[in-house]
Structure formats: C-alpha cells, structure tokens
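**Student:** A single structure is presented below for examination.
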Amino acid sequence: MRISLRNRPVLRYVFAIAATALAIGVVRGTDQVVGYVPLLFLPAVAAIEAYAGPGPALLSIALSILGSSLFITINPILNERVHKLTELGLFPIIAGTVVYLMEVRRQRNRVVRGQLLELSTLLASMPEAVFIFDREARVVDVNLAAEQICACKREEMTGAHLNFLAKHMGVHKNEQPVATSELAVTRALRGESVHNEPRAFTNPLDGTTMDALVSANPMRSEEGETIGALLVVRDVTEISQLQRRVADTERHLAIGQMASGIAHDFNNVLNTITQATAVLQSRQDRTEDQRFYLGMIENSARRGAEIIKRVREYIRGGTGETGMVDLRQIMQDALELTRPMWRGVPSLEVVTDFLPVRAVRGNAADLRRVFTNLIVNAIQAMPSGGKLSVQCEERSEMVSASVQDTGGGITPEQQGKIFLPYFTTKPMGTGLGLSTAQKILLAQGGNISFNSEPGKGTRFTVQLPVATELAVSSGQAVEKVA
C-alpha cells in the first residue's frame, strides 16, 4: 500500500485529508469528556507520513491546527484532574513510540552502514573500473581500478562532471570522439541500459590507447525515479592485442601459402625465359636489335628473380635460428648501417636513449633487418630534417624498443593497411618491409605496434619477451646533423 500511495500523488493527499478528518472527529469527541488533547493527532500524522510521505503529513498538521481552532474554545475543561490524567496516560504511549522509532532508525543506520561497507569492499575487489554518478552526471564514488585507468586519485575525481572525465580520458570509438549525448552514462541517466559496448580510452600519462568494454545502468529510488548511474569499464586491451596478433598470424599464413605456390610456378617460368634467352644470346648471327631486346628480357627476368627472392624471404619470415640477443646492440648496429643516409639529411637530430635491459631470444640478423627498416622509414619521413628518437627499455618482463620521427605522420585511412603485404606509400617501395617485420616478430614471440598523428610524426614500438637475467649496460647520446 505504501508504494502504491507514493506513486499516486492525488491519492496520497486524499488519504491525508481523510485520515486528518477522522483524527479531528476523534479529538472533537474526546474534547467534551477530557478536554482538548492535541497529542491524539500524532497517530494520524505518523500513519500519513508512513504511507503517503512527508508532504501529506505536513498537510495533515496544517489541517489539524485549522480544525482544532474551530472548537478548541467552545467547550471548557470539565474536569482538570481527568484532563491531566489523560495527558499522563498518553505520555508512555508517545514516549514508547518515540523510543521505538529511534531504535528503528538506529537499526536502519547500522544496516545502511553495513551495506555501504559491503559495497565498498565489493567495489575495491572488482578488477573492472567502477564509477558511480549522481543525477547531475557528477562522480560520487569510484574504486581503485578506476583510479588507475584515470591516473587520478579518488578525491580528485569526486564531484567531477562527466564531460570533464570524458575529455580527460579521451573517449573515442572508431577513431572518432564520442558525443556527450552518446556517452554510456548520459544514456543510462535517460533510463537506458548499456551492455558491453566497445570504447577506446587514451591513457593520460603516456598517451597509449586502452581498448575497453563499457556497461552502464540507471540507479533508481524506491519510487522508480532515476537518481544516478553505475558505469563499469572493463579493460580488454590484452585480449584485443591477442586477437589482432592471431588475425595477423592467420593472414600471414594464408598469404604465405598462396605466395609460396605462386613463387614456385613463377620461378619455373623465369628459369625457362632465362635459359631461352641464354640460348639466343649464344648465337653469332644476332642483329643489333635482337641483342637489345634480349638484354631487356634478361634484365626483366633478373628483376623478377629478385622479386621472387623477396617473396620467399617474406614467406620464410626469418632464418629460424634463434639465440640470446642484446637488443641494444642490435639497435646501435642498425643506426650505424643507416648512418650514411641520415648524415645526408640537413638539420636532422638523432637521439638515443638505451636503458638497462636483459637479453631477448631471437635472430640477430632478422632483428637487425627490422630496426634498419624502421629507421630508414623514419628518415625518409623527414626529408627536410627533424628529430629521430631511438629508445630501448624494459617493462614488465618485456623489452620495448621504439623508433620515433617528427615527420608528416600516417593518415587514418592508411593506418589500417600499414602492415598489409605490398601496401606502400613510396614510389619505389615494395610494401613488404613492415609486413615482413611483423611476421618476424610474431614468429619470435614479440609484437610491433605504432602510434601516429598526422603532422606530428610516428612512433613504432617493438616488444620482445625477456629471455634471461642477463643485464645490458645503459647508454644515452644525442647527435645532431647540421
């Protein structure tokens, strides 16, 4: 009954008027016997507050005063002793009711404190980031995981508006910022439920991208009114990276199987052309035109053989022989191999920062080829000069090496194709450099990723698992080419 009355405003006030009228009648009836006793209104007011809420209870008090004023002076107190005894008799009832209500309130507070403690423990133990918002889209509470992904303390986030938090975290979907009206919390405050929608966040500390699934649900009062929203953010970056690596491996496998057959057949055709050309060139009665065209055929066959060689290298994805490798030394070798190239670029600053790292397991020649290709690409992205940064460090049992330039960057349209075989933006490029590098690193248990912003440059990062406790000395240098 209480819930039905609270959800029906008109019925609540009708109930208050009827109950107050009954109370006025009771007080009026007893007034002729024991005199005016206003304490008799309290049961009616308490019942109205319990079943209809505080608003109707206040109306009941006003009506009780108004009704009492109509008869309070009509009948004098017939017996002062009876009047006082009546008031004294009502005292334990009223006092007992007050004590009961205070004890109920005290027990309810203990229950609420216990529930808050359980909720706090539950939030702290959840691996997902949890945010609680009020109806104004302001943060009320967060757990430890939320502090970590936002790189903010709980006290700093409490009271912050949703718009500030979304901007701070760089919320985006499909490489585009998410509008405020489409944020999960905004929709939850409108009464919608959001379940496991993909989102991407930008780490405020290092700018890395975090893939996540977000869920949001409205928080409602007993009356069904939306009073806030609960947001849960699940970090699925590792799962997304694993899925991408599996997809890349399967793609390389499929392309390799197809290219292997094509390379074999095409190589047989080139061998036939080369042998036929050699037979024709051995004849003494060749004319000048025949010599010219035979030379063209031979050169084309040679270029075709070189293409087949690169395809076979891509299919093989490395030599397969692995050992303990000092990645810092590999990167220094790659810098030395490309020195003539970056020495010829005006106003190019080369910065190296090699922190202490342990050895990795891999093939030195293949890794040297990977980093040489990355450095060459970075230099070619800065024909008018800039800054080439080469770094190496160890994080969480992974050795991370990066090559960063300040060139024109990679357009969003090209970023999804950058590791595809034969995709290139260079007029004389083969399109196999980055694809081969990715295949080599995947075969050695590593990975390659990149971050790029048009107009600001590109950063390629190679990660390989640590092999042993072997430590490599650190080094830092800055070299500028005038």
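Letters A, B, ... mark the chains of the structure tokens in the order given; residue numbers begin at 1 per chain; ligand numbers begin at 1, in order shown.
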Write out as a PyMOL selection string the residues lying within 7 Å of Val325 (chain A), counting only C-alpha atoms and excluding same-chain residues fewer than 5 positions away.
**Tutor:** chain A and resi 359-362+364
**Student:** For those residues, write C-alpha atoms to a file as a JSON list (two decimals), in the first residue's frame.
**Tutor:**
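Full text of result31.json as output:
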[["chain", "number", "residue", "atom", "x", "y", "z"],
["A", 359, "ALA", "CA", 68.67, -10.19, -23.30],
["A", 360, "VAL", "CA", 65.89, -11.47, -25.53],
["A", 361, "ARG", "CA", 65.71, -14.64, -27.60],
["A", 362, "GLY", "CA", 65.64, -14.04, -31.33],
["A", 364, "ALA", "CA", 70.13, -11.15, -34.60]]
**Student:** From region 247-461 of chain A, collect each residue whose DSSP state is helix (DSSP H, G or I) and return the set as a PyMOL selection string.
**Tutor:** chain A and resi 247-281+288-316+327-337+339-343+364-380+412-415+433-443
**Student:** Mind writing the picked residues with C-alpha atoms as a CSV table (one decimal), in the first residue's frame?
**Tutor:**
chain,number,residue,atom,x,y,z
A,247,ALA,CA,44.4,-12.4,-37.0
A,248,ASP,CA,47.8,-11.2,-38.3
A,249,THR,CA,49.3,-14.7,-37.9
A,250,GLU,CA,46.5,-16.3,-39.8
A,251,ARG,CA,46.7,-13.6,-42.5
A,252,HIS,CA,50.5,-14.1,-42.9
A,253,LEU,CA,49.9,-17.9,-43.0
A,254,ALA,CA,47.3,-17.6,-45.7
A,255,ILE,CA,49.3,-15.2,-47.8
A,256,GLY,CA,52.4,-17.2,-47.3
A,257,GLN,CA,50.7,-20.4,-48.5
A,258,MET,CA,49.3,-18.7,-51.6
A,259,ALA,CA,52.6,-16.8,-52.3
A,260,SER,CA,54.6,-20.0,-51.9
A,261,GLY,CA,52.8,-21.7,-54.8
A,262,ILE,CA,52.9,-18.6,-57.0
A,263,ALA,CA,56.6,-18.1,-56.3
A,264,HIS,CA,57.4,-21.7,-57.2
A,265,ASP,CA,55.4,-21.5,-60.5
A,266,PHE,CA,56.7,-18.1,-61.4
A,267,ASN,CA,60.3,-19.1,-60.7
A,268,ASN,CA,59.9,-22.0,-63.2
A,269,VAL,CA,58.6,-19.6,-65.8
A,270,LEU,CA,61.6,-17.2,-65.2
A,271,ASN,CA,64.0,-20.1,-65.4
A,272,THR,CA,62.6,-21.1,-68.8
A,273,ILE,CA,62.8,-17.5,-70.0
A,274,THR,CA,66.4,-17.1,-68.7
A,275,GLN,CA,67.5,-20.4,-70.4
A,276,ALA,CA,65.9,-19.5,-73.7
A,277,THR,CA,67.5,-16.0,-73.6
A,278,ALA,CA,70.9,-17.6,-72.9
A,279,VAL,CA,70.5,-19.9,-75.9
A,280,LEU,CA,69.5,-17.0,-78.2
A,281,GLN,CA,72.4,-14.9,-76.9
A,288,GLU,CA,71.7,-5.3,-83.0
A,289,ASP,CA,68.0,-5.1,-82.4
A,290,GLN,CA,68.0,-8.7,-81.2
A,291,ARG,CA,70.8,-8.0,-78.8
A,292,PHE,CA,68.9,-5.0,-77.4
A,293,TYR,CA,65.7,-6.9,-76.9
A,294,LEU,CA,67.4,-10.0,-75.5
A,295,GLY,CA,69.2,-7.7,-73.0
A,296,MET,CA,65.8,-6.3,-72.0
A,297,ILE,CA,64.4,-9.8,-71.5
A,298,GLU,CA,67.4,-10.8,-69.4
A,299,ASN,CA,67.2,-7.7,-67.2
A,300,SER,CA,63.4,-8.2,-66.7
A,301,ALA,CA,63.9,-11.9,-65.8
A,302,ARG,CA,66.6,-10.8,-63.2
A,303,ARG,CA,64.3,-8.3,-61.6
A,304,GLY,CA,61.6,-10.9,-61.5
A,305,ALA,CA,64.0,-13.3,-59.7
A,306,GLU,CA,64.8,-10.6,-57.2
A,307,ILE,CA,61.0,-10.1,-56.5
A,308,ILE,CA,60.7,-13.9,-56.0
A,309,LYS,CA,63.6,-13.8,-53.6
A,310,ARG,CA,61.9,-11.1,-51.5
A,311,VAL,CA,58.6,-13.0,-51.6
A,312,ARG,CA,60.4,-16.1,-50.4
A,313,GLU,CA,62.0,-14.1,-47.6
A,314,TYR,CA,58.6,-12.9,-46.6
A,315,ILE,CA,57.2,-16.4,-46.6
A,316,ARG,CA,60.1,-17.7,-44.5
A,327,LEU,CA,68.6,-5.6,-28.4
A,328,ARG,CA,70.6,-2.5,-27.5
A,329,GLN,CA,73.5,-3.6,-29.6
A,330,ILE,CA,71.1,-4.6,-32.5
A,331,MET,CA,69.7,-1.0,-32.5
A,332,GLN,CA,73.2,0.5,-32.4
A,333,ASP,CA,74.1,-1.7,-35.4
A,334,ALA,CA,71.0,-0.5,-37.3
A,335,LEU,CA,72.0,3.1,-36.6
A,336,GLU,CA,75.5,2.5,-37.9
A,337,LEU,CA,74.2,0.8,-41.0
A,339,ARG,CA,74.4,6.5,-40.8
A,340,PRO,CA,75.3,7.4,-44.4
A,341,MET,CA,71.6,8.0,-45.0
A,342,TRP,CA,70.8,10.2,-42.0
A,343,ARG,CA,74.1,12.0,-42.3
A,364,ALA,CA,70.1,-11.1,-34.6
A,365,ALA,CA,70.2,-10.8,-38.4
A,366,ASP,CA,66.4,-10.7,-38.6
A,367,LEU,CA,66.0,-8.2,-35.8
A,368,ARG,CA,68.8,-6.0,-37.3
A,369,ARG,CA,66.8,-6.0,-40.6
A,370,VAL,CA,63.6,-5.0,-38.7
A,371,PHE,CA,65.2,-2.0,-37.0
A,372,THR,CA,67.1,-0.9,-40.1
A,373,ASN,CA,63.9,-0.8,-42.0
A,374,LEU,CA,62.2,1.2,-39.2
A,375,ILE,CA,65.0,3.7,-39.1
A,376,VAL,CA,65.1,4.0,-42.9
A,377,ASN,CA,61.3,4.7,-42.9
A,378,ALA,CA,61.7,7.3,-40.2
A,379,ILE,CA,64.5,9.1,-42.1
A,380,GLN,CA,62.5,9.1,-45.3
A,412,PRO,CA,43.9,7.5,-40.6
A,413,GLU,CA,43.0,5.9,-43.9
A,414,GLN,CA,46.5,4.3,-44.2
A,415,GLN,CA,46.9,3.2,-40.6
A,433,GLY,CA,59.1,-4.1,-45.1
A,434,LEU,CA,56.7,-3.6,-42.3
A,435,SER,CA,54.7,-6.8,-43.2
A,436,THR,CA,57.9,-8.8,-43.0
A,437,ALA,CA,59.0,-7.1,-39.8
A,438,GLN,CA,55.6,-8.0,-38.2
A,439,LYS,CA,55.9,-11.6,-39.3
A,440,ILE,CA,59.5,-11.9,-38.0
A,441,LEU,CA,58.5,-10.5,-34.6
A,442,LEU,CA,55.4,-12.7,-34.3
A,443,ALA,CA,57.5,-15.8,-35.0
**Student:** I'd like the neighbourhood of region 236-245 of chain A as a tab-separated table (two decimals) with N, CA and C atoms, in the first residue's frame, where a residue qualifies if any of its atoms comes within 10 Å (using only C-alpha atoms), though same-chain residues fewer than 5 positions away should be ignored.
**Tutor:**
chain	number	residue	atom	x	y	z
A	198	PRO	N	31.94	-1.41	-27.14
A	198	PRO	CA	33.38	-1.16	-27.29
A	198	PRO	C	33.70	0.33	-27.26
A	199	ARG	N	34.72	0.68	-26.53
A	199	ARG	CA	35.22	2.05	-26.47
A	199	ARG	C	36.74	2.01	-26.42
A	200	ALA	N	37.34	3.12	-26.73
A	200	ALA	CA	38.79	3.26	-26.61
A	200	ALA	C	39.07	4.50	-25.76
A	209	THR	N	46.75	3.84	-26.03
A	209	THR	CA	45.33	3.58	-26.19
A	209	THR	C	44.92	2.32	-25.43
A	210	MET	N	43.81	2.41	-24.72
A	210	MET	CA	43.28	1.27	-23.99
A	210	MET	C	41.94	0.88	-24.60
A	211	ASP	N	41.82	-0.38	-25.01
A	211	ASP	CA	40.54	-0.89	-25.51
A	211	ASP	C	39.71	-1.35	-24.32
A	212	ALA	N	38.42	-1.06	-24.35
A	212	ALA	CA	37.57	-1.37	-23.20
A	212	ALA	C	36.16	-1.69	-23.65
A	213	LEU	N	35.44	-2.39	-22.76
A	213	LEU	CA	34.01	-2.62	-22.91
A	213	LEU	C	33.32	-1.88	-21.77
A	250	GLU	N	47.27	-15.53	-38.82
A	250	GLU	CA	46.47	-16.26	-39.80
A	250	GLU	C	46.57	-15.62	-41.18
A	251	ARG	N	46.60	-14.27	-41.22
A	251	ARG	CA	46.73	-13.60	-42.50
A	251	ARG	C	48.07	-13.89	-43.15
A	438	GLN	N	56.67	-7.49	-39.08
A	438	GLN	CA	55.63	-8.02	-38.20
A	438	GLN	C	55.67	-9.54	-38.14
A	439	LYS	N	55.87	-10.17	-39.29
A	439	LYS	CA	55.92	-11.63	-39.31
A	439	LYS	C	57.13	-12.16	-38.55
A	442	LEU	N	56.37	-11.72	-34.75
A	442	LEU	CA	55.37	-12.67	-34.28
A	442	LEU	C	55.97	-14.06	-34.15
A	446	GLY	N	57.24	-11.88	-30.23
A	446	GLY	CA	57.15	-10.45	-29.98
A	446	GLY	C	55.98	-9.82	-30.71
A	447	ASN	N	56.03	-8.51	-30.81
A	447	ASN	CA	54.95	-7.78	-31.47
A	447	ASN	C	55.46	-6.40	-31.89
A	448	ILE	N	54.78	-5.81	-32.84
A	448	ILE	CA	55.11	-4.45	-33.27
A	448	ILE	C	53.81	-3.66	-33.36
A	449	SER	N	53.85	-2.42	-32.88
A	449	SER	CA	52.69	-1.55	-32.91
A	449	SER	C	53.16	-0.13	-33.23
**Student:** Using Å and a single decimal, report how far CA of Gly407 (chain A) sits from CA of Ala381 (chain A).
**Tutor:**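 Distance between the two atoms: 5.1 Å.
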**Student:** Taking the DSSP assignment computed from this structure's backbone, write out as number ranges by chain all residues of region 122-307 of chain A that belong to strand (DSSP E).
**Tutor:** A: 129-134, 139-142, 172-173, 176-177, 194-202, 209-220, 226-235
**Student:** Selection from above, C-alpha atoms, as a short mmCIF file (atom, residue, chain, number, x, y, z; two decimals), in the first residue's frame, can you write it?
**Tutor:**
data_model
loop_
_atom_site.label_atom_id
_atom_site.label_comp_id
_atom_site.auth_asym_id
_atom_site.auth_seq_id
_atom_site.Cartn_x
_atom_site.Cartn_y
_atom_site.Cartn_z
CA ALA A 129 36.77 0.12 -13.10
CA VAL A 130 33.53 1.23 -11.46
CA PHE A 131 32.15 4.78 -11.44
CA ILE A 132 29.02 5.95 -9.60
CA PHE A 133 27.35 9.13 -10.90
CA ASP A 134 24.51 11.20 -9.45
CA VAL A 139 31.12 11.42 -9.89
CA VAL A 140 30.01 10.23 -6.46
CA ASP A 141 32.40 7.33 -5.92
CA VAL A 142 34.99 5.22 -7.77
CA HIS A 172 36.56 7.65 -28.66
CA LYS A 173 35.00 4.99 -30.86
CA GLN A 176 36.19 9.40 -33.56
CA PRO A 177 35.35 11.24 -30.28
CA VAL A 194 24.19 -0.17 -21.95
CA HIS A 195 25.90 -3.56 -22.14
CA ASN A 196 29.49 -4.24 -23.26
CA GLU A 197 29.84 -1.53 -25.88
CA PRO A 198 33.38 -1.16 -27.29
CA ARG A 199 35.22 2.05 -26.47
CA ALA A 200 38.79 3.26 -26.61
CA PHE A 201 40.44 5.47 -23.98
CA THR A 202 43.70 7.41 -24.03
CA THR A 209 45.33 3.58 -26.19
CA MET A 210 43.28 1.27 -23.99
CA ASP A 211 40.54 -0.89 -25.51
CA ALA A 212 37.57 -1.37 -23.20
CA LEU A 213 34.01 -2.62 -22.91
CA VAL A 214 31.66 -0.26 -21.08
CA SER A 215 28.37 -1.06 -19.37
CA ALA A 216 26.06 1.42 -17.67
CA ASN A 217 22.76 1.08 -15.85
CA PRO A 218 20.44 3.61 -14.23
CA MET A 219 20.17 3.67 -10.43
CA ARG A 220 16.58 4.09 -9.25
CA THR A 226 16.40 7.72 -11.76
CA ILE A 227 18.79 9.08 -9.15
CA GLY A 228 22.13 8.21 -10.76
CA ALA A 229 24.05 5.80 -12.96
CA LEU A 230 26.56 2.98 -12.46
CA LEU A 231 29.35 2.73 -15.04
CA VAL A 232 31.60 -0.33 -15.37
CA VAL A 233 34.68 -0.19 -17.61
CA ARG A 234 36.45 -3.46 -18.44
CA ASP A 235 39.97 -3.25 -19.85
#
**Student:** Would you pick out the contacts of Asn143 (chain A) at 12 Å or less, using only C-alpha atoms, so that residues sharing its chain but fewer than 5 positions from it are not included, and give the list as an NGL selection string?
**Tutor:** :A and (119-132 or 148-150 or 152-155 or 157-158 or 230-233)
**Student:** Using N, CA, C and O atoms, can you write the selected residues to a file as a JSON list (two decimals), in the first residue's frame?
**Tutor:**
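Output saved as part.json:
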[["chain", "number", "residue", "atom", "x", "y", "z"],
["A", 119, "LEU", "N", 29.36, -2.75, 0.02],
["A", 119, "LEU", "CA", 29.50, -2.16, -1.30],
["A", 119, "LEU", "C", 30.92, -1.66, -1.53],
["A", 119, "LEU", "O", 31.50, -1.86, -2.61],
["A", 120, "SER", "N", 31.50, -1.02, -0.52],
["A", 120, "SER", "CA", 32.87, -0.52, -0.65],
["A", 120, "SER", "C", 33.84, -1.67, -0.84],
["A", 120, "SER", "O", 34.75, -1.60, -1.68],
["A", 121, "THR", "N", 33.66, -2.77, -0.08],
["A", 121, "THR", "CA", 34.53, -3.94, -0.23],
["A", 121, "THR", "C", 34.37, -4.57, -1.61],
["A", 121, "THR", "O", 35.36, -4.97, -2.25],
["A", 122, "LEU", "N", 33.11, -4.64, -2.08],
["A", 122, "LEU", "CA", 32.85, -5.21, -3.40],
["A", 122, "LEU", "C", 33.50, -4.37, -4.49],
["A", 122, "LEU", "O", 34.14, -4.92, -5.40],
["A", 123, "LEU", "N", 33.35, -3.05, -4.41],
["A", 123, "LEU", "CA", 33.94, -2.18, -5.43],
["A", 123, "LEU", "C", 35.46, -2.29, -5.43],
["A", 123, "LEU", "O", 36.10, -2.33, -6.49],
["A", 124, "ALA", "N", 36.05, -2.34, -4.23],
["A", 124, "ALA", "CA", 37.51, -2.41, -4.14],
["A", 124, "ALA", "C", 38.05, -3.72, -4.70],
["A", 124, "ALA", "O", 39.17, -3.77, -5.22],
["A", 125, "SER", "N", 37.27, -4.80, -4.59],
["A", 125, "SER", "CA", 37.74, -6.11, -5.04],
["A", 125, "SER", "C", 37.49, -6.37, -6.52],
["A", 125, "SER", "O", 38.00, -7.34, -7.07],
["A", 126, "MET", "N", 36.69, -5.51, -7.16],
["A", 126, "MET", "CA", 36.38, -5.72, -8.58],
["A", 126, "MET", "C", 37.56, -5.32, -9.46],
["A", 126, "MET", "O", 38.11, -4.24, -9.30],
["A", 127, "PRO", "N", 37.94, -6.19, -10.41],
["A", 127, "PRO", "CA", 39.03, -5.82, -11.33],
["A", 127, "PRO", "C", 38.62, -4.76, -12.34],
["A", 127, "PRO", "O", 39.46, -4.05, -12.87],
["A", 128, "GLU", "N", 37.31, -4.66, -12.61],
["A", 128, "GLU", "CA", 36.83, -3.64, -13.54],
["A", 128, "GLU", "C", 36.77, -2.28, -12.85],
["A", 128, "GLU", "O", 36.62, -2.20, -11.63],
["A", 129, "ALA", "N", 36.90, -1.24, -13.64],
["A", 129, "ALA", "CA", 36.77, 0.12, -13.10],
["A", 129, "ALA", "C", 35.29, 0.46, -12.94],
["A", 129, "ALA", "O", 34.50, 0.28, -13.87],
["A", 130, "VAL", "N", 34.93, 0.93, -11.76],
["A", 130, "VAL", "CA", 33.53, 1.23, -11.46],
["A", 130, "VAL", "C", 33.40, 2.70, -11.08],
["A", 130, "VAL", "O", 34.15, 3.21, -10.23],
["A", 131, "PHE", "N", 32.44, 3.38, -11.72],
["A", 131, "PHE", "CA", 32.15, 4.78, -11.44],
["A", 131, "PHE", "C", 30.67, 4.89, -11.04],
["A", 131, "PHE", "O", 29.81, 4.29, -11.69],
["A", 132, "ILE", "N", 30.40, 5.67, -10.01],
["A", 132, "ILE", "CA", 29.02, 5.95, -9.60],
["A", 132, "ILE", "C", 28.76, 7.44, -9.80],
["A", 132, "ILE", "O", 29.50, 8.28, -9.30],
["A", 148, "GLN", "N", 43.21, 3.90, -11.30],
["A", 148, "GLN", "CA", 44.38, 3.52, -12.09],
["A", 148, "GLN", "C", 44.22, 3.88, -13.56],
["A", 148, "GLN", "O", 45.15, 4.40, -14.18],
["A", 149, "ILE", "N", 43.05, 3.61, -14.14],
["A", 149, "ILE", "CA", 42.90, 3.90, -15.58],
["A", 149, "ILE", "C", 42.77, 5.40, -15.83],
["A", 149, "ILE", "O", 43.08, 5.87, -16.93],
["A", 150, "CYS", "N", 42.30, 6.15, -14.83],
["A", 150, "CYS", "CA", 42.18, 7.60, -14.99],
["A", 150, "CYS", "C", 43.43, 8.35, -14.55],
["A", 150, "CYS", "O", 43.55, 9.54, -14.82],
["A", 152, "CYS", "N", 44.13, 9.27, -11.65],
["A", 152, "CYS", "CA", 43.70, 10.30, -10.71],
["A", 152, "CYS", "C", 43.31, 9.65, -9.39],
["A", 152, "CYS", "O", 42.88, 8.49, -9.37],
["A", 153, "LYS", "N", 43.45, 10.41, -8.31],
["A", 153, "LYS", "CA", 43.01, 9.93, -7.02],
["A", 153, "LYS", "C", 41.49, 10.05, -6.91],
["A", 153, "LYS", "O", 40.86, 10.81, -7.61],
["A", 154, "ARG", "N", 40.95, 9.25, -5.99],
["A", 154, "ARG", "CA", 39.51, 9.26, -5.77],
["A", 154, "ARG", "C", 39.02, 10.65, -5.38],
["A", 154, "ARG", "O", 37.97, 11.11, -5.86],
["A", 155, "GLU", "N", 39.79, 11.31, -4.53],
["A", 155, "GLU", "CA", 39.39, 12.65, -4.08],
["A", 155, "GLU", "C", 39.35, 13.64, -5.24],
["A", 155, "GLU", "O", 38.53, 14.57, -5.24],
["A", 157, "MET", "N", 38.62, 12.95, -8.38],
["A", 157, "MET", "CA", 37.52, 12.67, -9.31],
["A", 157, "MET", "C", 36.15, 12.92, -8.69],
["A", 157, "MET", "O", 35.19, 13.19, -9.41],
["A", 158, "THR", "N", 36.05, 12.81, -7.37],
["A", 158, "THR", "CA", 34.75, 13.01, -6.71],
["A", 158, "THR", "C", 34.23, 14.42, -6.99],
["A", 158, "THR", "O", 34.92, 15.41, -6.74],
["A", 230, "LEU", "N", 25.39, 3.80, -12.79],
["A", 230, "LEU", "CA", 26.56, 2.98, -12.46],
["A", 230, "LEU", "C", 27.27, 2.63, -13.75],
["A", 230, "LEU", "O", 26.67, 2.05, -14.66],
["A", 231, "LEU", "N", 28.54, 2.99, -13.84],
["A", 231, "LEU", "CA", 29.35, 2.73, -15.04],
["A", 231, "LEU", "C", 30.44, 1.73, -14.71],
["A", 231, "LEU", "O", 31.16, 1.90, -13.72],
["A", 232, "VAL", "N", 30.56, 0.68, -15.53],
["A", 232, "VAL", "CA", 31.60, -0.33, -15.37],
["A", 232, "VAL", "C", 32.44, -0.36, -16.64],
["A", 232, "VAL", "O", 31.90, -0.51, -17.75],
["A", 233, "VAL", "N", 33.75, -0.20, -16.48],
["A", 233, "VAL", "CA", 34.68, -0.19, -17.61],
["A", 233, "VAL", "C", 35.62, -1.38, -17.46],
["A", 233, "VAL", "O", 36.35, -1.50, -16.48]]
